[in-house]
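A.B. asks: Just dropping this structure here.
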Amino acid sequence: MAVHTALLRLRTQGDGDIVDLSPGLAGVLRTCELRRGVVCVFVEGSTAAVTTMEYEPGGVEDLRAALERLVPAAGAYAHNRLNADDNAHAHLRAALVGPSVSVPLVEGHLVLGTWQQVVLLDFDTRPRERRVHVQVLG
Amino acid sequence: MAVHTALLRLRTQGDGDIVDLSPGLAGVLRTCELRRGVVCVFVEGSTAAVTTMEYEPGGVEDLRAALERLVPAAGAYAHNRLNADDNAHAHLRAALVGPSVSVPLVEGHLVLGTWQQVVLLDFDTRPRERRVHVQVLG
Amino acid sequence: MAVHTALLRLRTQGDGDIVDLSPGLAGVLRTCELRRGVVCVFVEGSTAAVTTMEYEPGGVEDLRAALERLVPAAGAYAHNRLNADDNAHAHLRAALVGPSVSVPLVEGHLVLGTWQQVVLLDFDTRPRERRVHVQVLG
């Protein structure tokens, strides 16, 4: 078997910022000789997540609003109280959405739908430089 | 390494329909020579998701109700307003649950619990024909 | 390709117990000759889940509270009514969070953030002995 290892470094705005990983993933696949297998996309850190969505302005606005409604930034969180911190909601959202997505690679292409992109969600309370690992197995 | 590629095509009812993927996965494994590795199950599209659950009528009813309570179909969603669409809630549920599950394969069997099945959740507002990719690495 | 198969057996307290899998995963990697690939962590059963988080007392308390708020233990659940059971909320939480996480392995290490651990969440209503499968592909 072969493993192709890549690292995407992305600047985010934090605060629920949603970043389309398609350009980064396309770049990885251009330099990867593997044509069939699985692509594992994983974000380092406990205040960010990876999922797929249709990356368009309405969906981005809705997802940010839904996460704020389900897990509000304001709240009597133990993480903030015990650690003199302000990003407990970011930790919770990240744990619930999850840090990774695995996408089959077939004939050199990710088997995504036409309106489906792999995205990075950064829930932290400040801009961050994020490290997204892309491991291709095939 | 070896890769076994399969595609399941499934008709769903949409509107929160939950489909047991066990028969489809069993069919894939019958024709797959790999006995040990990981099976990646991934649904194309941004209004459906894959997870595991005990597939029984009560659990199915509860999961549909919980998702309707957490992310209601009715709402002032930007996706619907900007795109003259009606399935913003389906996009949100899909992004939150996620499109893929990876299950270890040991001695030719998925290491699922006795009452644990891989399921497809279709949140879209109409019946769909779904494409679920099954990639076996081993 | 090579596959390294391991099984962690863990006793949990149930009721939202969150267990840090870091010691177990470190043990698996010590006996694994693979240095680069993907580690798939998967929990058997439909009332437990796997994700990543900063494993510290505040975050653990917050995550338990958030899941109880989003999917309360008390409720008119069909699973409980139809099966004379009491753990419908555990099934729902497990399906929403998901049973597996895949983490890239690079130079013999999981690419986790400094404050990011892989954790097992046991939502069942009683202590359980859990089986967490760790499949390393590389």
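We label chains A, B, ... in the order they appear in the structure tokens, count residues from 1 in each chain, and number ligands from 1 in the order shown.
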Quick one: residues within 6 Å of segment 103-109 of chain A, only C-alpha atoms counted, chain neighbours fewer than 3 positions away excluded, as a CSV table (one decimal) with N, CA and C atoms, in the first residue's frame?

C.D. replies:
chain,number,residue,atom,x,y,z
A,35,ARG,N,-4.7,6.9,-7.2
A,35,ARG,CA,-6.0,7.1,-8.0
A,35,ARG,C,-7.2,6.5,-7.3
A,36,ARG,N,-7.0,5.6,-6.4
A,36,ARG,CA,-8.1,4.9,-5.8
A,36,ARG,C,-7.8,4.6,-4.3
A,37,GLY,N,-8.7,4.9,-3.4
A,37,GLY,CA,-8.4,4.6,-2.0
A,37,GLY,C,-9.3,5.5,-1.2
A,38,VAL,N,-8.8,6.0,-0.1
A,38,VAL,CA,-9.6,6.9,0.8
A,38,VAL,C,-8.8,8.1,1.2
A,39,VAL,N,-9.4,9.2,1.2
A,39,VAL,CA,-8.7,10.5,1.7
A,39,VAL,C,-9.3,10.8,3.0

A.B. asks: Running DSSP on the backbone, which parts of chain C land in helix (DSSP H, G or I), as a PyMOL selection string?

C.D. replies: chain C and resi 22-30+57-70+78-83+88-97

A.B. asks: Output C-alpha atoms of each residue in that selection to a file, as a tab-separated table (two decimals), in the first residue's frame.

C.D. replies:
chain	number	residue	atom	x	y	z
C	22	SER	CA	-4.94	8.25	24.93
C	23	PRO	CA	-3.33	5.61	27.16
C	24	GLY	CA	-4.98	2.81	25.19
C	25	LEU	CA	-3.98	4.28	21.84
C	26	ALA	CA	-0.41	4.85	23.03
C	27	GLY	CA	-0.26	1.19	23.98
C	28	VAL	CA	-1.48	0.12	20.55
C	29	LEU	CA	1.08	2.29	18.77
C	30	ARG	CA	3.93	0.95	20.93
C	57	PRO	CA	-12.74	18.56	33.95
C	58	GLY	CA	-14.48	21.69	32.68
C	59	GLY	CA	-14.86	20.44	29.14
C	60	VAL	CA	-16.06	17.05	30.32
C	61	GLU	CA	-18.70	18.67	32.53
C	62	ASP	CA	-19.80	20.99	29.71
C	63	LEU	CA	-20.10	18.23	27.12
C	64	ARG	CA	-22.19	16.05	29.43
C	65	ALA	CA	-24.44	19.03	30.23
C	66	ALA	CA	-24.78	20.06	26.58
C	67	LEU	CA	-25.83	16.56	25.51
C	68	GLU	CA	-28.37	16.36	28.35
C	69	ARG	CA	-29.77	19.73	27.26
C	70	LEU	CA	-29.89	18.83	23.56
C	78	ALA	CA	-40.72	5.51	21.29
C	79	HIS	CA	-37.69	3.28	21.88
C	80	ASN	CA	-38.42	3.19	25.61
C	81	ARG	CA	-42.15	2.69	25.17
C	82	LEU	CA	-41.91	-0.05	22.55
C	83	ASN	CA	-39.05	-1.95	24.14
C	88	ALA	CA	-33.49	5.96	24.19
C	89	HIS	CA	-31.55	9.18	24.82
C	90	ALA	CA	-28.33	7.16	24.79
C	91	HIS	CA	-29.15	5.76	21.37
C	92	LEU	CA	-29.92	9.23	20.02
C	93	ARG	CA	-26.75	10.84	21.37
C	94	ALA	CA	-24.63	7.99	20.01
C	95	ALA	CA	-26.15	8.26	16.52
C	96	LEU	CA	-25.65	12.04	16.45
C	97	VAL	CA	-22.03	12.07	17.66

A.B. asks: Using only C-alpha atoms, determine which residues of chain C fall within 6 Å of chain A; present them as a list in words.

C.D. replies: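 Residues passing the distance filter: Met1, Thr51, Thr52, Met53, Glu54, Gly58, Gly59, Val97, Leu112, Gly113 and Gln116 of chain C.
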
A.B. asks: Can you measure atom CA of Gln117 of chain B to atom CA of Tyr55 of chain B for me? One decimal in Å is fine.

C.D. replies: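 Between these atoms lies a distance of 6.2 Å.
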
A.B. asks: Using the chain letters and numbers from this document, which residues of segment 18-129 of chain C does DSSP assign to strand (DSSP E or B), as a tab-separated table (two decimals) with C-alpha atoms, in the first residue's frame?

C.D. replies:
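Listed below is the output, states.tsv:
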chain	number	residue	atom	x	y	z
C	18	ILE	CA	-16.27	10.26	29.08
C	19	VAL	CA	-13.08	8.17	28.94
C	20	ASP	CA	-9.74	9.39	27.59
C	37	GLY	CA	-1.10	5.80	7.70
C	38	VAL	CA	-4.49	6.21	9.35
C	39	VAL	CA	-5.76	5.00	12.72
C	40	CYS	CA	-9.46	4.19	12.76
C	41	VAL	CA	-11.00	4.17	16.26
C	42	PHE	CA	-14.46	2.60	16.44
C	43	VAL	CA	-16.71	1.70	19.36
C	48	ALA	CA	-21.63	4.97	22.83
C	49	ALA	CA	-19.64	7.30	20.61
C	50	VAL	CA	-16.09	8.40	19.78
C	51	THR	CA	-14.87	11.95	19.15
C	52	THR	CA	-11.97	14.24	20.07
C	53	MET	CA	-11.89	16.97	22.71
C	100	SER	CA	-15.75	6.45	14.84
C	101	VAL	CA	-12.89	8.87	14.31
C	102	SER	CA	-10.03	8.41	11.85
C	103	VAL	CA	-6.74	10.09	12.72
C	104	PRO	CA	-3.70	10.34	10.42
C	105	LEU	CA	-0.53	8.69	11.71
C	106	VAL	CA	2.67	10.54	10.73
C	109	HIS	CA	2.44	9.80	16.05
C	110	LEU	CA	-1.23	10.65	15.82
C	117	GLN	CA	-7.55	13.68	22.90
C	118	VAL	CA	-9.57	10.85	21.38
C	119	VAL	CA	-12.37	10.04	23.83
C	120	LEU	CA	-15.06	7.44	24.33
C	121	LEU	CA	-18.51	8.69	25.36
C	122	ASP	CA	-20.72	6.11	27.04
C	128	ARG	CA	-20.61	-1.15	30.67
C	129	GLU	CA	-17.55	-2.98	29.48
